[in-house]
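Here is the file work_38.cif (mmCIF, C-alpha atoms).
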data_data
loop_
_atom_site.label_atom_id
_atom_site.label_comp_id
_atom_site.auth_asym_id
_atom_site.auth_seq_id
_atom_site.Cartn_x
_atom_site.Cartn_y
_atom_site.Cartn_z
CA MET A 1 53.44 3.34 24.67
CA SER A 2 54.21 2.17 28.20
CA ARG A 3 56.17 4.17 30.74
CA VAL A 4 58.84 2.48 32.79
CA ALA A 5 58.67 2.67 36.55
CA PRO A 6 61.39 4.80 38.21
CA THR A 7 64.75 3.05 38.33
CA PRO A 8 66.72 2.91 41.62
CA ARG A 9 68.84 5.81 40.33
CA SER A 10 65.85 8.04 39.62
CA LYS A 11 64.34 7.03 42.97
CA VAL A 12 67.47 8.38 44.65
CA LEU A 13 67.05 11.61 42.69
CA TYR A 14 63.41 11.88 43.80
CA PHE A 15 64.45 11.28 47.38
CA PHE A 16 67.18 13.90 47.05
CA CYS A 17 64.72 16.47 45.62
CA ILE A 18 62.17 15.84 48.39
CA ALA A 19 64.91 16.06 51.04
CA LEU A 20 66.23 19.29 49.52
CA SER A 21 62.69 20.73 49.40
CA SER A 22 62.19 19.84 53.05
CA PHE A 23 65.47 21.51 53.94
CA LEU A 24 64.48 24.68 52.03
CA LEU A 25 61.07 24.60 53.74
CA TYR A 26 62.76 24.31 57.14
CA LEU A 27 65.06 27.25 56.36
CA ASP A 28 62.18 29.39 55.12
CA ILE A 29 59.81 28.69 58.00
CA ASN A 30 62.34 28.89 60.82
CA TYR A 31 64.82 31.48 59.59
CA LYS A 32 62.88 33.36 56.85
CA SER A 33 65.94 32.81 54.65
CA PHE A 34 64.13 33.56 51.38
CA GLU A 35 62.16 36.59 52.54
CA SER A 36 64.31 39.03 50.56
CA THR A 37 63.95 36.95 47.38
CA LYS A 38 60.18 36.85 47.80
CA ASN A 39 59.99 40.58 48.48
CA LEU A 40 62.16 41.24 45.44
CA TYR A 41 59.80 39.17 43.30
CA LYS A 42 56.75 40.97 44.74
CA SER A 43 58.34 44.39 44.09
CA PHE A 44 59.16 43.28 40.57
CA THR A 45 55.62 42.03 39.82
CA ILE A 46 53.96 45.13 41.27
CA SER A 47 56.32 47.49 39.42
CA SER A 48 56.00 45.59 36.15
CA SER A 49 52.20 45.52 36.39
CA TYR A 50 52.23 49.31 36.81
CA LEU A 51 54.64 49.66 33.92
CA LEU A 52 52.57 47.37 31.72
CA LYS A 53 49.44 49.30 32.55
CA ARG A 54 51.19 52.54 31.70
CA LEU A 55 52.50 51.15 28.42
CA THR A 56 49.37 49.36 27.26
CA ILE A 57 46.11 50.39 28.90
CA ASP A 58 46.89 54.06 29.47
CA PRO A 59 47.81 54.86 25.82
CA LEU A 60 44.74 52.96 24.65
CA ASN A 61 42.60 54.96 27.05
CA TYR A 62 44.20 58.12 25.77
CA ILE A 63 43.51 57.22 22.14
CA PHE A 64 39.95 56.35 23.05
CA GLU A 65 39.55 59.65 24.87
CA ILE A 66 40.87 61.83 22.02
CA SER A 67 38.76 59.98 19.48
CA LYS A 68 35.61 61.14 21.23
CA GLU A 69 33.60 63.99 19.81
CA LYS A 70 34.38 67.48 21.03
CA SER A 71 30.93 68.05 22.49
CA LYS A 72 31.12 64.81 24.37
CA LEU A 73 34.46 65.90 25.78
CA ILE A 74 33.04 69.23 26.90
CA GLU A 75 30.18 67.44 28.57
CA GLU A 76 32.60 65.06 30.21
CA ASN A 77 34.72 67.98 31.34
CA LYS A 78 31.72 69.67 32.93
CA LYS A 79 30.80 66.47 34.70
CA LEU A 80 34.34 66.04 35.98
CA LYS A 81 34.46 69.66 37.13
CA LYS A 82 31.26 69.11 39.06
CA GLU A 83 32.64 65.96 40.65
CA LEU A 84 35.84 67.83 41.51
CA ASP A 85 33.83 70.57 43.23
CA ASN A 86 31.91 67.96 45.15
CA SER A 87 35.12 66.32 46.20
CA PHE A 88 36.41 69.69 47.45
CA ILE A 89 33.26 70.09 49.53
CA ALA A 90 33.70 66.64 50.98
CA ASN A 91 37.17 67.69 52.19
CA PHE A 92 39.06 65.49 49.81
CA ILE A 93 42.73 66.23 49.80
CA ILE A 94 44.20 67.30 46.50
CA SER A 95 47.92 66.83 46.70
CA ARG A 96 50.69 67.90 44.34
CA ASP A 97 52.23 64.44 44.21
CA SER A 98 51.10 60.89 43.58
CA LYS A 99 48.54 60.82 46.38
CA PHE A 100 46.24 62.83 44.13
CA PHE A 101 42.67 62.62 45.32
CA ALA A 102 43.54 60.36 48.20
CA ASP A 103 41.22 60.95 51.11
CA ASP A 104 43.13 61.19 54.37
CA SER A 105 40.51 63.20 56.25
CA ALA A 106 39.08 60.08 57.89
CA ILE A 107 42.53 59.03 59.09
CA LYS A 108 43.22 62.59 60.33
CA ARG A 109 39.96 62.45 62.26
CA PHE A 110 41.01 59.17 63.85
CA ILE A 111 44.46 60.58 64.74
CA ASN A 112 42.94 63.69 66.35
CA LEU A 113 40.27 61.74 68.18
CA ASN A 114 42.86 59.47 69.78
CA ASN A 115 45.37 62.25 70.56
CA ILE A 116 48.20 60.72 68.57
CA ASN A 117 50.82 63.45 68.36
CA LYS A 118 53.18 61.81 65.90
CA PRO A 119 53.01 62.78 62.21
CA PHE A 120 51.50 60.30 59.82
CA HIS A 121 51.95 59.63 56.12
CA LEU A 122 49.34 58.47 53.71
CA ALA A 123 49.94 55.14 52.00
CA LYS A 124 48.11 53.16 49.36
CA MET A 125 47.54 49.43 49.38
CA ASN A 126 49.57 47.92 46.57
CA SER A 127 48.98 44.26 47.03
CA PHE A 128 46.86 42.16 49.36
CA ASP A 129 46.66 38.39 49.20
CA LEU A 130 42.96 37.90 49.93
CA GLU A 131 43.30 34.15 49.40
CA LYS A 132 45.83 33.88 52.23
CA TYR A 133 43.92 36.32 54.41
CA LEU A 134 40.77 34.20 54.24
CA CYS A 135 42.34 30.76 54.36
CA CYS A 136 45.66 30.88 56.10
CA SER A 137 47.66 32.12 59.05
CA GLU A 138 49.87 34.63 57.23
CA HIS A 139 48.09 37.98 57.01
CA ARG A 140 50.19 40.60 55.25
CA MET A 141 49.56 43.72 53.25
CA PHE A 142 51.89 45.58 50.90
CA ILE A 143 51.65 49.35 50.78
CA LYS A 144 53.32 52.25 49.01
CA ILE A 145 54.02 55.14 51.38
CA PHE A 146 53.73 58.61 49.87
CA TYR A 147 56.85 60.08 51.34
CA ASP A 148 59.95 61.21 49.47
CA GLU A 149 62.50 61.39 52.24
CA ASP A 150 64.50 58.33 53.19
CA ILE A 151 62.89 57.29 56.47
CA ASP A 152 62.89 53.72 57.69
CA PHE A 153 59.31 53.00 58.68
CA VAL A 154 60.01 49.53 60.11
CA GLY A 155 58.12 49.23 63.39
CA SER A 156 55.69 52.03 62.54
CA PRO A 157 52.02 51.40 63.28
CA VAL A 158 49.60 51.33 60.36
CA ILE A 159 46.08 52.66 60.84
CA ASN A 160 42.96 53.29 58.85
CA SER A 161 39.88 55.34 59.74
CA GLN A 162 38.59 52.54 61.99
CA GLY A 163 41.71 51.89 64.04
CA ILE A 164 45.02 50.06 64.16
CA ILE A 165 45.50 47.39 61.50
CA GLY A 166 49.14 46.38 61.96
CA GLN A 167 52.77 47.41 61.83
CA ILE A 168 55.43 47.70 59.16
CA ILE A 169 57.98 44.91 59.22
CA TYR A 170 59.80 45.54 55.94
CA ASP A 171 60.37 48.81 54.17
CA LYS A 172 62.23 49.11 50.90
CA SER A 173 60.44 50.25 47.74
CA ILE A 174 57.23 48.65 49.02
CA ALA A 175 56.44 48.34 52.71
CA GLU A 176 55.16 45.07 54.17
CA VAL A 177 52.55 45.33 56.90
CA LEU A 178 52.14 42.58 59.48
CA LEU A 179 48.43 42.62 60.30
CA LEU A 180 47.15 42.17 63.86
CA THR A 181 45.53 38.88 62.86
CA ASP A 182 48.76 37.28 61.59
CA ILE A 183 49.70 34.42 63.93
CA SER A 184 53.22 35.79 64.38
CA HIS A 185 51.86 39.10 65.67
CA VAL A 186 51.61 39.77 69.40
CA MET A 187 50.16 42.93 70.90
CA PRO A 188 49.67 43.92 74.55
CA ILE A 189 46.08 44.96 75.16
CA ILE A 190 44.31 46.24 78.24
CA SER A 191 40.79 46.53 79.62
CA LYS A 192 40.24 48.27 82.98
CA ASN A 193 42.92 46.63 85.15
CA HIS A 194 43.22 43.60 82.96
CA PHE A 195 46.28 43.09 80.82
CA CYS A 196 46.91 40.47 78.18
CA ASN A 197 49.24 39.72 75.26
CA ALA A 198 46.94 39.22 72.28
CA LYS A 199 48.12 36.96 69.51
CA GLY A 200 46.89 36.93 65.93
CA SER A 201 44.48 34.05 65.42
CA GLY A 202 45.00 33.55 61.70
CA LYS A 203 41.27 34.20 61.21
CA PRO A 204 40.16 37.45 59.59
CA GLY A 205 39.27 40.12 62.16
CA VAL A 206 40.02 38.06 65.27
CA ILE A 207 42.87 38.12 67.78
CA THR A 208 43.10 35.78 70.71
CA CYS A 209 44.34 36.03 74.28
CA THR A 210 45.04 33.54 77.07
CA TYR A 211 45.19 34.53 80.73
CA SER A 212 45.28 32.93 84.15
CA LYS A 213 42.43 33.44 86.60
CA LEU A 214 44.97 33.36 89.40
CA ILE A 215 46.42 36.71 88.32
CA TRP A 216 43.23 38.08 86.78
CA PRO A 217 40.30 36.99 88.97
CA ASP A 218 37.75 39.51 87.67
CA PRO A 219 35.17 38.01 85.33
CA LEU A 220 35.35 38.67 81.62
CA GLU A 221 32.24 39.62 79.66
CA ILE A 222 31.23 39.22 76.06
CA GLY A 223 31.43 42.61 74.41
CA GLN A 224 34.02 43.96 76.86
CA GLU A 225 36.21 46.54 75.15
CA PHE A 226 39.98 46.13 74.89
CA PHE A 227 42.44 48.92 74.17
CA SER A 228 46.08 49.08 73.17
CA SER A 229 48.29 49.35 76.25
CA GLY A 230 51.25 50.97 74.50
CA MET A 231 53.56 48.69 76.45
CA GLY A 232 55.08 47.05 73.40
CA GLY A 233 56.52 50.38 72.30
CA ILE A 234 55.03 50.06 68.82
CA TYR A 235 51.42 51.17 69.08
CA PRO A 236 50.05 54.28 70.79
CA ASN A 237 48.13 53.54 73.98
CA ASN A 238 44.42 53.73 74.69
CA ILE A 239 43.22 53.00 71.15
CA LEU A 240 40.17 50.76 70.92
CA ILE A 241 41.25 47.42 69.49
CA GLY A 242 38.06 45.36 69.73
CA ASN A 243 35.42 43.62 71.80
CA VAL A 244 35.42 40.19 73.39
CA SER A 245 33.47 37.86 71.11
CA ALA A 246 34.04 34.40 72.61
CA ILE A 247 35.32 33.00 75.88
CA ASN A 248 36.76 29.46 76.08
CA ILE A 249 37.70 27.83 79.35
CA ILE A 250 40.90 25.81 78.85
CA ASP A 251 41.16 24.41 82.39
CA ASP A 252 40.40 25.49 85.98
CA ASN A 253 42.85 28.38 85.87
CA ASN A 254 43.38 29.32 82.23
CA ILE A 255 40.91 31.08 80.00
CA ASN A 256 41.21 31.91 76.35
CA PHE A 257 39.12 34.57 74.67
CA ASP A 258 38.69 36.02 71.19
CA VAL A 259 38.59 39.72 70.45
CA ASN A 260 36.77 40.94 67.36
CA LEU A 261 38.79 43.79 65.87
CA VAL A 262 37.12 47.10 65.14
CA ALA A 263 39.48 47.88 62.26
CA ASP A 264 39.05 45.99 59.01
CA PRO A 265 42.14 46.19 56.75
CA LEU A 266 39.90 45.86 53.70
CA GLN A 267 37.85 48.92 54.61
CA SER A 268 39.91 51.28 52.45
CA ILE A 269 42.84 51.11 50.07
CA TYR A 270 44.31 54.17 51.79
CA VAL A 271 45.96 53.78 55.18
CA GLY A 272 48.05 55.97 57.43
CA VAL A 273 51.57 55.17 58.64
CA VAL A 274 52.32 56.84 61.95
CA GLU A 275 56.01 57.64 62.38
CA GLY A 276 57.69 55.35 64.93
CA LEU A 277 56.71 56.07 68.51
CA MET B 1 47.97 18.15 26.28
CA LYS B 2 50.51 15.35 25.86
CA ASN B 3 54.18 16.38 26.27
CA ILE B 4 53.59 20.06 26.68
CA GLY B 5 56.71 22.25 26.32
CA ILE B 6 58.43 23.81 29.31
CA ILE B 7 57.78 27.44 28.34
CA LYS B 8 54.15 26.66 27.58
CA LEU B 9 53.75 24.92 30.92
CA LEU B 10 55.42 27.81 32.76
CA VAL B 11 52.92 30.22 31.19
CA VAL B 12 49.98 27.89 31.84
CA ILE B 13 50.98 27.50 35.50
CA PHE B 14 51.47 31.25 35.88
CA MET B 15 48.02 31.94 34.46
CA THR B 16 46.47 29.16 36.53
CA ASN B 17 48.03 30.59 39.66
CA ILE B 18 46.43 33.98 38.92
CA ILE B 19 43.05 32.34 38.29
CA GLU B 20 43.41 30.34 41.52
CA SER B 21 44.16 33.50 43.50
CA TYR B 22 40.87 34.98 42.27
CA ILE B 23 38.73 31.87 42.74
CA ALA B 24 40.09 30.67 46.10
CA PRO B 25 38.77 33.57 48.25
CA MET B 26 35.26 32.90 46.94
CA LEU B 27 35.38 29.12 47.39
CA ILE B 28 36.93 29.24 50.86
CA LYS B 29 33.71 30.79 52.16
CA ALA B 30 32.06 27.49 51.30
CA TYR B 31 34.98 25.54 52.85
CA ILE B 32 36.16 24.41 49.43
CA ASN B 33 39.71 24.52 48.16
CA ILE B 34 40.77 23.52 44.65
CA PRO B 35 44.55 23.53 44.16
CA ILE B 36 44.27 24.23 40.44
CA THR B 37 48.00 24.82 39.88
CA PHE B 38 48.93 21.51 41.50
CA LEU B 39 46.20 19.67 39.58
CA ILE B 40 47.27 21.14 36.25
CA PHE B 41 50.85 20.04 36.86
CA SER B 42 49.69 16.59 38.00
CA PHE B 43 47.50 16.26 34.92
CA VAL B 44 50.40 17.23 32.64
CA ILE B 45 52.71 14.58 34.10
CA TYR B 46 49.86 12.06 34.06
CA LYS B 47 49.20 12.68 30.36
CA SER B 48 52.89 12.78 29.45
CA THR B 49 54.11 9.82 27.41
CA PHE B 50 57.49 9.75 29.12
CA ASN B 51 58.62 9.77 32.73
CA THR B 52 59.03 13.14 34.34
CA ASN B 53 62.45 13.91 35.73
CA ALA B 54 62.55 14.56 39.47
CA LEU B 55 64.45 17.82 38.91
CA TYR B 56 61.78 18.96 36.46
CA ALA B 57 59.07 18.54 39.11
CA PHE B 58 61.28 20.06 41.80
CA LEU B 59 62.06 23.18 39.75
CA PHE B 60 58.43 23.64 38.76
CA GLY B 61 57.52 23.38 42.42
CA LEU B 62 60.08 26.06 43.31
CA TYR B 63 58.64 28.25 40.55
CA VAL B 64 55.13 27.83 41.99
CA ASP B 65 56.46 28.57 45.48
CA LEU B 66 57.85 31.84 44.22
CA ILE B 67 54.81 32.99 42.24
CA SER B 68 52.25 31.89 44.81
CA ASP B 69 54.09 33.28 47.86
CA SER B 70 54.12 29.88 49.60
CA PRO B 71 57.01 28.89 51.85
CA ILE B 72 59.91 27.96 49.56
CA GLY B 73 60.12 24.18 49.24
CA LEU B 74 56.49 23.36 49.98
CA ASN B 75 55.30 22.98 46.41
CA ALA B 76 58.71 21.67 45.36
CA ALA B 77 58.31 18.74 47.77
CA LEU B 78 54.68 18.10 46.85
CA PHE B 79 55.30 18.30 43.10
CA SER B 80 58.24 15.90 43.44
CA MET B 81 56.10 13.47 45.46
CA MET B 82 53.28 13.66 42.95
CA ALA B 83 55.67 13.14 40.04
CA TYR B 84 57.09 10.08 41.77
CA VAL B 85 53.66 8.57 42.45
CA VAL B 86 52.36 9.24 38.94
CA ASN B 87 55.51 7.84 37.33
CA SER B 88 55.49 4.76 39.56
CA TYR B 89 51.87 3.94 38.80
CA ALA B 90 51.71 5.24 35.22
CA ASN B 91 51.00 1.79 33.80
CA THR B 92 48.67 0.80 36.62
CA PHE B 93 46.51 3.85 35.86
CA LYS B 94 45.70 2.31 32.48
CA LEU B 95 43.77 -0.41 34.29
CA PHE B 96 41.82 2.14 36.31
CA SER B 97 38.35 3.36 35.45
CA PHE B 98 37.57 7.05 35.12
CA ILE B 99 35.98 7.05 38.56
CA GLN B 100 39.12 5.61 40.10
CA ILE B 101 41.30 8.18 38.32
CA CYS B 102 39.00 10.96 39.54
CA LEU B 103 39.18 9.60 43.08
CA PHE B 104 42.97 9.43 42.83
CA PHE B 105 43.23 13.07 41.74
CA SER B 106 40.77 14.34 44.31
CA GLY B 107 42.60 12.32 46.97
CA SER B 108 45.88 13.89 45.81
CA SER B 109 44.38 17.36 45.93
CA VAL B 110 43.14 16.74 49.48
CA PHE B 111 46.60 15.49 50.45
CA TYR B 112 48.05 18.67 48.93
CA ILE B 113 45.59 20.88 50.84
CA GLY B 114 46.16 19.05 54.11
CA PHE B 115 49.94 19.01 53.76
CA SER B 116 50.16 22.69 52.78
CA HIS B 117 47.78 23.73 55.58
CA LEU B 118 50.08 21.99 58.06
CA PHE B 119 52.64 24.64 57.20
CA ILE B 120 50.63 27.72 56.31
CA ASN B 121 47.49 27.34 58.41
CA LEU B 122 48.30 25.06 61.34
CA GLU B 123 46.53 27.31 63.87
CA ASN B 124 43.20 26.96 62.06
CA PHE B 125 43.58 23.53 60.49
CA SER B 126 40.16 22.45 59.34
CA TYR B 127 39.04 18.89 58.59
CA LEU B 128 35.84 20.35 57.24
CA ILE B 129 37.77 22.00 54.40
CA LEU B 130 39.46 18.67 53.61
CA PHE B 131 36.16 16.79 53.60
CA THR B 132 34.16 19.29 51.56
CA SER B 133 37.07 19.76 49.14
CA PHE B 134 37.29 16.00 48.62
CA ILE B 135 33.58 15.70 47.84
CA PHE B 136 33.53 18.79 45.64
CA ASN B 137 36.71 17.90 43.75
CA THR B 138 35.55 14.34 43.13
CA PHE B 139 32.29 15.53 41.59
CA LEU B 140 34.08 18.23 39.64
CA PHE B 141 36.55 15.75 38.13
CA LEU B 142 33.79 13.27 37.38
CA LEU B 143 31.88 16.00 35.61
CA MET B 144 34.97 16.97 33.63
CA ALA B 145 35.64 13.33 32.75
CA MET B 146 32.06 12.88 31.58
CA LEU B 147 32.19 15.98 29.40
CA ARG B 148 34.37 14.14 26.88
CA PHE B 149 31.59 11.61 26.31
CA TYR B 150 28.94 14.25 25.67
CA PHE B 151 31.27 16.65 23.82
CA PRO B 152 33.88 14.51 22.01
CA SER B 153 35.38 17.66 20.44
CA LEU B 154 36.57 18.71 23.92
CA ASN B 155 38.76 15.63 24.16
CA LEU B 156 42.29 16.67 25.11
CA LYS B 157 44.81 15.45 22.63
#
Kindly return the structure encoded in the file as structure tokens.
Amino acid sequence: MSRVAPTPRSKVLYFFCIALSSFLLYLDINYKSFESTKNLYKSFTISSSYLLKRLTIDPLNYIFEISKEKSKLIEENKKLKKELDNSFIANFIISRDSKFFADDSAIKRFINLNNINKPFHLAKMNSFDLEKYLCCSEHRMFIKIFYDEDIDFVGSPVINSQGIIGQIIYDKSIAEVLLLTDISHVMPIISKNHFCNAKGSGKPGVITCTYSKLIWPDPLEIGQEFFSSGMGGIYPNNILIGNVSAINIIDDNNINFDVNLVADPLQSIYVGVVEGL
Amino acid sequence: MKNIGIIKLLVVIFMTNIIESYIAPMLIKAYINIPITFLIFSFVIYKSTFNTNALYAFLFGLYVDLISDSPIGLNAALFSMMAYVVNSYANTFKLFSFIQICLFFSGSSVFYIGFSHLFINLENFSYLILFTSFIFNTFLFLLMAMLRFYFPSLNLK
């Protein structure tokens, strides 16, 4: 059976649909008009996946567990007890709430080492689009903060045991973290007397900076360390951000360089949210 | 595969999107991108015995935008464009060989990758990804097209 080519009327409809799509795309990219809808959908999918797991996999696991022989259970219990003791020795935090067994000692160590006086709250990574992180410019992470009181964490820095990974830009049931490598992220960094506004490169683990030799005549070296300046009012100052990995000369006066970040957001599923500075 | 129902297609696209989100991070290390969701939709409208409505393609695109966290309107526009092209050349395709059809689909997938990267990855736009994806997709489609000759039972009805 043959298919008829689109009639002039259907061509108009196609044109209308493409024009409408372009308009929606323009609204979304320039004004983030559909951000709340997307976040609502993400919250819904994450919540429903938890609910589904609780309703399907967890009961099945429970049935499987109770069907085991008693001796096997005792053996398992002993093994678990031993693992629990080991985890105590390794300074694992056992909390009364949902952050059970979450290890925040590494983050505490980082906080103490860098003299950050603000309190921090442990959070767990809920969703991370690895596909977008590896291929595209938008680098975001969704976390669940273990904190009962109603505090707005928007603008709070997010850290892991290696360093700063980003800041919270949306905080409802699930908090959205804008990573340092996202192209819309800008962070003031400093090295000796040198100051620069580092922009996310869209590549995993790399931020980029452009400066003029006229205001910054000192030479830049590969491996030179850059720290947070604290001038943006978001991040604490003097935290190691990364090392210079590549230097590109744009023209006689302007130089662009890449900084390899020391903190990898994929290092741990647990992160710390430092209360707004 | 001919004239698949809307609910069935919604489920298929949802599942495909999940599979794509698992496969893409592995393939991108080799500079390869396969837009499986887009290709499945394109294949469905290609195999359909009747013309796809523009609104049908547009709404499916919006649905993919929502589930894949793309900018709203990106897939809607691309799905509508693809539906228009497939419908316009539906009868011409019958004169094409399998190789030409495979080249058309891999060309479409490269157009999709290039167009979407203009919006979501402009800072790191890579021609290498487009080139390797085109080569890889062409061979992949050729392989899939040849499978039906060696395994007639796999032929999609």
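In plain terms, chain B touches chain A through Ser21, Ala24, Pro25, Ile28, Thr49, Phe50, Asn51, Ala54, Leu55, Phe58, Leu66, Pro71, Ile72, Gly73, Leu74, Ala76, Ala77, Ser80, Tyr84, Asn87, Ser88, Ala90, Asn91, Ile120, Asn121, Glu123 and Asn124 of chain B, where touching means an atom at most 7 Å away, counting all atoms listed in the file.
Excluding segment 144-155 of chain B itself and any same-chain residue fewer than 5 positions from it, the protein and nucleic acid residues within 9 Å of it, counting all atoms listed in the file, are B:Phe98, B:Ile99, B:Cys102, B:Phe139.
The space between atom CA of Tyr46 of chain B and atom CA of Phe79 of chain B spans 12.3 Å.
For Met141 of chain A, the set of protein, DNA and RNA residues having any atom at most 10 Å away, when counting all atoms listed in the file and skipping those fewer than 3 positions along the same chain, is Met125, Asn126, Ser127, Phe128, Asp129, Leu130, Tyr133, Glu138, Ile165, Gly166, Gln167, Ile168, Ala175, Glu176, Val177, Leu178, Leu179, Pro265 and Leu266 of chain A.
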Report summary line: The residue from B:Asn53, B:Asn137, B:Thr132, B:Asn33 with the smallest atom-to-atom distance to His117 of chain B, counting only C-alpha atoms, is B:Asn33
Box for segment 70-75 of chain A - axis-aligned, 3 Å on each of the six sides, all listed atoms - centre and size in Å to one decimal, as lines of an AutoDock Vina configuration file.
center_x = 32.3
center_y = 67.0
center_z = 24.8
size_x = 10.3
size_y = 10.4
size_z = 13.5
Requested in this report: Step by step, work through what the PyMOL selection byres ((chain B and resi 103) around 10) selects in the shown file, and finish by giving those residues as a ChimeraX atom specification.
Outcome: /B:97-102,104-109,134-135,137-139,141-142
Query - Expected residue set, 10 Å radius at (41.0, 25.8, 41.3), all atoms listed in the file, as a PyMOL selection string - result: chain B and resi 16-17+19-24+27+32-40+137
Requested in this report: Considering all atoms listed in the file, state which residue in the set B:Tyr112, B:Phe43, B:Tyr89, B:Tyr56 is at the smallest distance from Ser133 of chain B.
Outcome: B:Tyr112
Query raised in the report: atom CA of Pro188 of chain A and atom CA of Ser229 of chain A, how far apart in Å?
Result: 5.9 Å
**Report entry** Evaluate the PyMOL selection byres ((chain A and resi 114-116) around 9) and report residues as a PyMOL selection string
**Finding:** chain A and resi 109-113+117-119+236-239+274
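Taking atom CA of Phe115 of chain B and atom CA of Leu130 of chain B as the two end points, the separation is 10.5 Å.
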Report task. Would you list the contacts of Ser191 of chain A as a ChimeraX atom specification, taking every protein, DNA or RNA residue within 7 Å and counting only C-alpha atoms, but skipping same-chain residues closer than 6 positions in sequence? Result -> /A:225-227
